[in-house]
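**Student:** Next up, data26.cif (mmCIF, C-alpha atoms).
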data_start
#
loop_
_atom_site.group_PDB
_atom_site.id
_atom_site.type_symbol
_atom_site.label_atom_id
_atom_site.label_comp_id
_atom_site.auth_asym_id
_atom_site.auth_seq_id
_atom_site.Cartn_x
_atom_site.Cartn_y
_atom_site.Cartn_z
ATOM 1 C CA LEU A 1340 215.046 98.964 101.855
ATOM 2 C CA THR A 1341 215.372 98.736 98.078
ATOM 3 C CA SER A 1342 217.789 95.811 98.054
ATOM 4 C CA SER A 1343 216.557 92.597 96.421
ATOM 5 C CA GLU A 1344 217.640 90.694 99.546
ATOM 6 C CA LEU A 1345 214.906 92.512 101.470
ATOM 7 C CA PHE A 1346 212.078 91.382 99.182
ATOM 8 C CA ASP A 1347 210.582 89.065 101.833
ATOM 9 C CA LEU A 1348 210.783 91.773 104.491
ATOM 10 C CA ARG A 1349 209.086 94.332 102.213
ATOM 11 C CA ASP A 1350 206.425 91.798 101.293
ATOM 12 C CA GLU A 1351 205.752 90.989 104.949
ATOM 13 C CA VAL A 1352 205.450 94.668 105.854
ATOM 14 C CA LYS A 1353 203.099 95.419 102.926
ATOM 15 C CA LYS A 1354 200.704 92.497 103.320
ATOM 16 C CA THR A 1355 197.493 92.474 105.337
ATOM 17 C CA PRO A 1356 198.561 92.708 108.978
ATOM 18 C CA THR A 1357 198.786 89.641 111.135
ATOM 19 C CA GLU A 1358 199.836 89.621 114.762
ATOM 20 C CA GLU A 1359 203.322 88.511 113.678
ATOM 21 C CA SER A 1360 203.697 91.213 111.021
ATOM 22 C CA CYS A 1361 202.472 93.859 113.479
ATOM 23 C CA ILE A 1362 205.096 92.787 116.007
ATOM 24 C CA MET A 1363 207.708 92.966 113.251
ATOM 25 C CA PHE A 1364 206.468 96.418 112.208
ATOM 26 C CA SER A 1365 206.615 97.684 115.804
ATOM 27 C CA THR A 1366 210.119 96.268 116.264
ATOM 28 C CA LEU A 1367 211.337 97.840 113.029
ATOM 29 C CA PHE A 1368 209.685 101.160 113.904
ATOM 30 C CA ARG A 1369 211.433 101.255 117.288
ATOM 31 C CA SER A 1370 214.791 100.339 115.714
ATOM 32 C CA TRP A 1371 214.458 102.744 112.809
ATOM 33 C CA SER A 1372 213.355 105.623 115.057
ATOM 34 C CA HIS A 1373 217.012 106.642 115.137
ATOM 35 C CA ASN A 1374 216.573 107.740 111.524
ATOM 36 C CA ALA A 1375 213.471 109.861 110.932
ATOM 37 C CA VAL A 1376 213.353 109.312 107.173
ATOM 38 C CA ALA A 1377 213.806 105.534 107.488
ATOM 39 C CA THR A 1378 210.908 105.470 109.951
ATOM 40 C CA LEU A 1379 208.763 107.442 107.529
ATOM 41 C CA SER A 1380 209.726 105.032 104.722
ATOM 42 C CA LEU A 1381 208.616 102.100 106.865
ATOM 43 C CA CYS A 1382 205.231 103.729 107.470
ATOM 44 C CA LEU A 1383 204.757 104.381 103.753
ATOM 45 C CA LEU A 1384 205.747 100.827 102.875
ATOM 46 C CA ALA A 1385 203.279 99.447 105.439
ATOM 47 C CA GLN A 1386 200.544 101.785 104.159
ATOM 48 C CA ALA A 1387 200.365 103.334 107.641
ATOM 49 C CA TYR A 1388 199.582 106.734 106.192
ATOM 50 C CA GLN A 1389 198.073 108.331 109.286
ATOM 51 C CA PRO A 1390 201.183 107.660 111.419
ATOM 52 C CA ALA A 1391 203.325 108.774 108.454
ATOM 53 C CA SER A 1392 201.417 112.056 108.390
ATOM 54 C CA GLN A 1393 201.976 112.494 112.116
ATOM 55 C CA LEU A 1394 205.696 111.809 111.689
ATOM 56 C CA VAL A 1395 206.068 114.405 108.945
ATOM 57 C CA ARG A 1396 204.440 116.975 111.209
ATOM 58 C CA THR A 1397 207.070 116.283 113.895
ATOM 59 C CA PHE A 1398 209.895 116.861 111.406
ATOM 60 C CA GLY A 1399 209.500 120.592 111.963
ATOM 61 C CA ASP A 1400 210.729 120.049 115.537
ATOM 62 C CA LEU A 1401 213.872 118.214 114.401
ATOM 63 C CA ASP A 1402 217.222 119.724 113.557
ATOM 64 C CA ILE A 1403 217.034 119.792 109.781
ATOM 65 C CA THR A 1404 220.479 119.120 108.368
ATOM 66 C CA VAL A 1405 221.844 118.700 104.876
ATOM 67 C CA ASN A 1406 222.039 114.963 105.588
ATOM 68 C CA PHE A 1407 218.340 114.912 106.556
ATOM 69 C CA LEU A 1408 217.385 116.736 103.343
ATOM 70 C CA THR A 1409 219.523 114.314 101.331
ATOM 71 C CA GLU A 1410 217.660 111.407 102.916
ATOM 72 C CA ILE A 1411 214.303 113.047 102.104
ATOM 73 C CA ASP A 1412 215.546 113.431 98.524
ATOM 74 C CA ARG A 1413 216.379 109.706 98.438
ATOM 75 C CA LEU A 1414 212.933 108.884 99.821
ATOM 76 C CA VAL A 1415 211.339 110.774 96.930
ATOM 77 C CA GLN A 1416 213.501 108.728 94.549
ATOM 78 C CA MET A 1417 212.325 105.531 96.290
ATOM 79 C CA ILE A 1418 208.686 106.617 96.011
ATOM 80 C CA GLU A 1419 209.266 106.709 92.263
ATOM 81 C CA SER A 1420 210.685 103.161 92.310
ATOM 82 C CA PRO A 1421 208.703 99.937 91.739
ATOM 83 C CA ILE A 1422 208.890 99.136 95.467
ATOM 84 C CA PHE A 1423 206.494 101.983 96.250
ATOM 85 C CA ILE A 1424 204.146 101.541 93.298
ATOM 86 C CA HIS A 1425 201.332 100.690 95.727
ATOM 87 C CA VAL A 1426 201.785 104.109 97.345
ATOM 88 C CA ARG A 1427 201.556 105.883 93.997
ATOM 89 C CA LEU A 1428 198.476 103.897 93.016
ATOM 90 C CA HIS A 1429 196.767 104.871 96.267
ATOM 91 C CA LEU A 1430 196.897 108.455 95.005
ATOM 92 C CA LEU A 1431 194.156 107.453 92.539
ATOM 93 C CA GLU A 1432 191.777 107.334 95.504
ATOM 94 C CA PRO A 1433 192.723 110.281 97.688
ATOM 95 C CA HIS A 1434 189.419 110.085 99.565
ATOM 96 C CA ARG A 1435 190.564 106.686 100.899
ATOM 97 C CA CYS A 1436 194.116 107.886 101.656
ATOM 98 C CA PRO A 1437 193.923 111.539 102.741
ATOM 99 C CA HIS A 1438 196.820 111.027 105.162
ATOM 100 C CA LEU A 1439 199.009 109.832 102.286
ATOM 101 C CA VAL A 1440 198.293 113.050 100.413
ATOM 102 C CA THR A 1441 199.060 115.067 103.555
ATOM 103 C CA THR A 1442 202.300 113.108 104.072
ATOM 104 C CA LEU A 1443 203.500 113.694 100.530
ATOM 105 C CA TYR A 1444 202.652 117.395 100.652
ATOM 106 C CA GLY A 1445 204.500 117.591 103.986
ATOM 107 C CA ILE A 1446 207.560 116.021 102.364
ATOM 108 C CA LEU A 1447 207.225 118.457 99.471
ATOM 109 C CA LEU A 1448 207.212 121.422 101.849
ATOM 110 C CA LEU A 1449 210.340 120.154 103.609
ATOM 111 C CA LEU A 1450 212.322 119.957 100.388
ATOM 112 C CA PRO A 1451 214.240 122.839 98.881
ATOM 113 C CA GLN A 1452 213.255 123.418 95.252
ATOM 114 C CA THR A 1453 215.464 120.730 93.749
ATOM 115 C CA GLY A 1454 214.875 117.911 91.297
ATOM 116 C CA ALA A 1455 213.231 115.837 94.030
ATOM 117 C CA PHE A 1456 210.879 118.717 94.762
ATOM 118 C CA GLN A 1457 209.936 118.912 91.079
ATOM 119 C CA LYS A 1458 209.375 115.133 90.834
ATOM 120 C CA LEU A 1459 207.163 115.003 93.895
ATOM 121 C CA HIS A 1460 205.295 118.140 92.846
ATOM 122 C CA GLN A 1461 204.586 116.561 89.449
ATOM 123 C CA ARG A 1462 203.474 113.334 91.134
ATOM 124 C CA LEU A 1463 201.030 115.203 93.354
ATOM 125 C CA GLN A 1464 199.611 116.958 90.311
ATOM 126 C CA CYS A 1465 198.575 113.487 89.065
ATOM 127 C CA ILE A 1466 195.961 113.195 91.821
ATOM 128 C CA PRO A 1467 192.611 113.093 90.032
ATOM 129 C CA SER A 1468 190.995 116.516 90.085
ATOM 130 C CA GLY A 1469 187.454 116.813 91.370
ATOM 131 C CA VAL A 1470 187.974 113.998 93.871
ATOM 132 C CA PRO A 1471 187.635 115.170 97.469
ATOM 133 C CA VAL A 1472 190.808 114.632 99.476
ATOM 134 C CA ALA A 1473 189.006 114.801 102.823
ATOM 135 C CA PRO A 1474 188.105 111.461 104.379
ATOM 136 C CA ASN A 1475 184.737 110.190 103.233
ATOM 137 C CA SER A 1476 182.792 108.304 105.885
ATOM 138 C CA SER A 1477 181.464 105.867 103.267
ATOM 139 C CA ALA A 1478 184.890 105.246 101.693
ATOM 140 C CA GLN A 1479 186.666 102.114 102.822
ATOM 141 C CA PRO A 1480 190.255 102.724 103.943
ATOM 142 C CA VAL A 1481 193.101 100.974 102.188
ATOM 143 C CA LEU A 1482 193.041 97.237 102.805
ATOM 144 C CA GLY A 1483 195.125 96.415 105.858
ATOM 145 C CA ALA A 1484 195.634 100.014 106.975
ATOM 146 C CA SER A 1485 192.717 100.053 109.413
ATOM 147 C CA GLN A 1486 193.757 96.638 110.752
ATOM 148 C CA LEU A 1487 197.309 97.827 111.337
ATOM 149 C CA LEU A 1488 196.017 100.953 113.071
ATOM 150 C CA SER A 1489 193.785 98.867 115.326
ATOM 151 C CA ILE A 1490 196.513 96.379 116.306
ATOM 152 C CA VAL A 1491 199.624 98.561 116.652
ATOM 153 C CA ASN A 1492 199.790 101.210 119.382
ATOM 154 C CA PHE A 1493 200.973 104.125 117.268
ATOM 155 C CA ASP A 1494 200.723 106.609 120.130
ATOM 156 C CA GLU A 1495 203.335 104.587 121.989
ATOM 157 C CA LEU A 1496 205.517 104.283 118.877
ATOM 158 C CA GLN A 1497 205.204 108.024 118.198
ATOM 159 C CA SER A 1498 206.235 108.743 121.787
ATOM 160 C CA HIS A 1499 209.240 106.428 121.412
ATOM 161 C CA PHE A 1500 210.184 108.151 118.143
ATOM 162 C CA SER A 1501 210.002 111.588 119.777
ATOM 163 C CA GLN A 1502 212.134 110.449 122.718
ATOM 164 C CA VAL A 1503 214.791 108.933 120.452
ATOM 165 C CA GLN A 1504 214.911 112.046 118.273
ATOM 166 C CA ALA A 1505 215.147 114.272 121.371
ATOM 167 C CA ARG A 1506 218.124 112.224 122.601
ATOM 168 C CA HIS A 1507 219.798 112.622 119.203
ATOM 169 C CA THR A 1508 219.223 116.369 119.330
ATOM 170 C CA LEU A 1509 220.716 116.595 122.821
ATOM 171 C CA ALA A 1510 223.693 114.482 121.766
ATOM 172 C CA THR A 1511 224.503 116.727 118.801
ATOM 173 C CA ARG A 1512 223.877 120.103 120.395
ATOM 174 C CA PRO A 1513 226.944 120.134 122.673
ATOM 175 C CA SER A 1514 229.139 119.791 119.589
ATOM 176 C CA TYR A 1515 227.489 122.941 118.158
ATOM 177 C CA HIS A 1516 228.308 124.844 121.331
ATOM 178 C CA ARG A 1517 231.956 123.723 121.207
ATOM 179 C CA LEU A 1518 232.195 124.932 117.603
ATOM 180 C CA ALA A 1519 230.779 128.332 118.506
ATOM 181 C CA ALA A 1520 233.158 128.812 121.453
#
Would you encode the structure as structure tokens?
**Tutor:**
Amino acid sequence: LTSSELFDLRDEVKKTPTEESCIMFSTLFRSWSHNAVATLSLCLLAQAYQPASQLVRTFGDLDITVNFLTEIDRLVQMIESPIFIHVRLHLLEPHRCPHLVTTLYGILLLLPQTGAFQKLHQRLQCIPSGVPVAPNSSAQPVLGASQLLSIVNFDELQSHFSQVQARHTLATRPSYHRLAA
């Protein structure tokens, strides 16, 4: 995701949604559903903060492994990179992006208290104080986010994600039972 060769892909995912970019997003989401953190990264890149928030909430149902936590750690590092500067800047207007704030706090709560935890905690402390984080009916959502939400069927994508993750869980559980025997 951070490779310079993927600049055009990142740009296409970040821009105001078109029918073509929404098809690409849906295709990537389905493909990347095999990796929960990659799927979350895609949602953050596309400014799909509400689906990202829903994904983070499902992480509690997943088998949390050291590898998963390492990937979450890497995601925090990517959030601090120039590629995700738009995400960080959206924190200036939490009333327009309450699901982003929820997503980042969800990530924070998943992390053990490591360097990534400290970085993300410090980043969240940069949210302007006195600004309501709850959605404001008069506040306009982030440009493109409402269009993406209206075009892409996120309920279907979330269902696909859950099914893929359930299959991964079933595939890894028998190996746990063999180890215990």
**Student:** List the neighbours of Leu1443 (chain A) out to 10 Å using only C-alpha atoms; skip same-chain residues closer than 6 positions along the sequence, and give me the result as number ranges by chain.
**Tutor:** A: 1383, 1388, 1391-1392, 1395, 1415, 1418, 1449, 1459-1460, 1462-1463
**Student:** Would you kindly return, as number ranges by chain, each protein, DNA or RNA residue with an atom no farther than 12 Å from any atom of Thr1441 (chain A), considering all atoms listed in the file and excluding same-chain residues fewer than 6 positions away?
**Tutor:** A: 1388-1396, 1430, 1433-1434, 1447-1448, 1463, 1472-1474
**Student:** Listing only residues of region 1341-1459 of chain A within 12 Å of region 1491-1508 of chain A, what is the closest atom pair and its distance in Å (to one decimal) for each, using only C-alpha atoms, sorted by chain and residue number ascending, as a tab-separated table?
**Tutor:**
residue	atom	partner	partner_atom	distance
A:Pro1356	CA	A:Val1491	CA	9.7
A:Thr1357	CA	A:Val1491	CA	10.5
A:Glu1358	CA	A:Val1491	CA	9.1
A:Glu1359	CA	A:Val1491	CA	11.1
A:Ser1360	CA	A:Val1491	CA	10.1
A:Cys1361	CA	A:Val1491	CA	6.3
A:Ile1362	CA	A:Val1491	CA	8.0
A:Met1363	CA	A:Val1491	CA	10.4
A:Phe1364	CA	A:Val1491	CA	8.4
A:Ser1365	CA	A:Val1491	CA	7.1
A:Thr1366	CA	A:Leu1496	CA	9.6
A:Leu1367	CA	A:Leu1496	CA	10.5
A:Phe1368	CA	A:Leu1496	CA	7.2
A:Arg1369	CA	A:Leu1496	CA	6.8
A:Ser1370	CA	A:Phe1500	CA	9.4
A:Trp1371	CA	A:Phe1500	CA	8.7
A:Ser1372	CA	A:Phe1500	CA	5.1
A:His1373	CA	A:Val1503	CA	6.2
A:Asn1374	CA	A:Gln1504	CA	8.2
A:Ala1375	CA	A:Gln1504	CA	7.8
A:Val1376	CA	A:Phe1500	CA	11.5
A:Ala1377	CA	A:Phe1500	CA	11.6
A:Thr1378	CA	A:Phe1500	CA	8.6
A:Leu1379	CA	A:Phe1500	CA	10.7
A:Cys1382	CA	A:Phe1493	CA	10.7
A:Ala1385	CA	A:Val1491	CA	11.8
A:Ala1387	CA	A:Phe1493	CA	9.7
A:Tyr1388	CA	A:Phe1493	CA	11.5
A:Gln1389	CA	A:Phe1493	CA	9.5
A:Pro1390	CA	A:Phe1493	CA	6.8
A:Ala1391	CA	A:Gln1497	CA	10.0
A:Ser1392	CA	A:Gln1497	CA	11.3
A:Gln1393	CA	A:Gln1497	CA	8.2
A:Leu1394	CA	A:Gln1497	CA	7.5
A:Val1395	CA	A:Gln1497	CA	11.3
A:Arg1396	CA	A:Gln1497	CA	11.4
A:Thr1397	CA	A:Ser1501	CA	8.1
A:Phe1398	CA	A:Gln1504	CA	9.8
A:Gly1399	CA	A:Gln1504	CA	11.9
A:Asp1400	CA	A:Ala1505	CA	9.3
A:Leu1401	CA	A:Gln1504	CA	7.4
A:Asp1402	CA	A:Thr1508	CA	7.0
A:Ile1403	CA	A:Thr1508	CA	10.4
A:Thr1404	CA	A:Thr1508	CA	11.4
**Student:** Rounded to one decimal place, report the CA of Asp1412 (chain A)-CA of Ile1446 (chain A) distance in Å.
**Tutor:** 9.2 Å
**Student:** Between A:Leu1348, A:Leu1509, A:Leu1381, A:Leu1450, which is the closest to Thr1409 (chain A) once you count all atoms listed in the file?
**Tutor:**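 Closest residue, counting all atoms listed in the file: A:Leu1450.
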**Student:** Mind pulling up the distance from CA of Ile1422 (chain A) to CA of Ser1342 (chain A)?
**Tutor:**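 It comes out at 9.8 Å.
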**Student:** I'd like the box whose edges run along x, y and z of the file and which contains every listed atom of region 1344-1347 of chain A, padded by 8 Å per side; could you state its centre and edge lengths in Å, one decimal, as JSON?
**Tutor:**
{"center_x": 214.1, "center_y": 90.8, "center_z": 100.5, "size_x": 23.1, "size_y": 19.4, "size_z": 18.7}
**Student:** Quick one: pull the distance between CA of Gln1457 (chain A) and CA of Arg1349 (chain A), Å, one decimal.
**Tutor:**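 Interatomic distance here is 27.0 Å.
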**Student:** Just want the 12 Å neighbourhood of Phe1346 (chain A), counted on only C-alpha atoms, with same-chain residues fewer than 6 positions away dropped. Output as a list in words.
**Tutor:**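 Selected residues are Leu1340, Val1352, Lys1353, Leu1384, Pro1421 and Ile1422 of chain A.
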**Student:** Ranking A:Gly1454, A:Gln1386, A:Ser1380, A:Leu1408 by minimum distance to Leu1428 (chain A) and counting all atoms listed in the file, which one comes first?
**Tutor:**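 Checking each of A:Gly1454, A:Gln1386, A:Ser1380, A:Leu1408 against Leu1428 (chain A), counting all atoms listed in the file, the winner is A:Gln1386.
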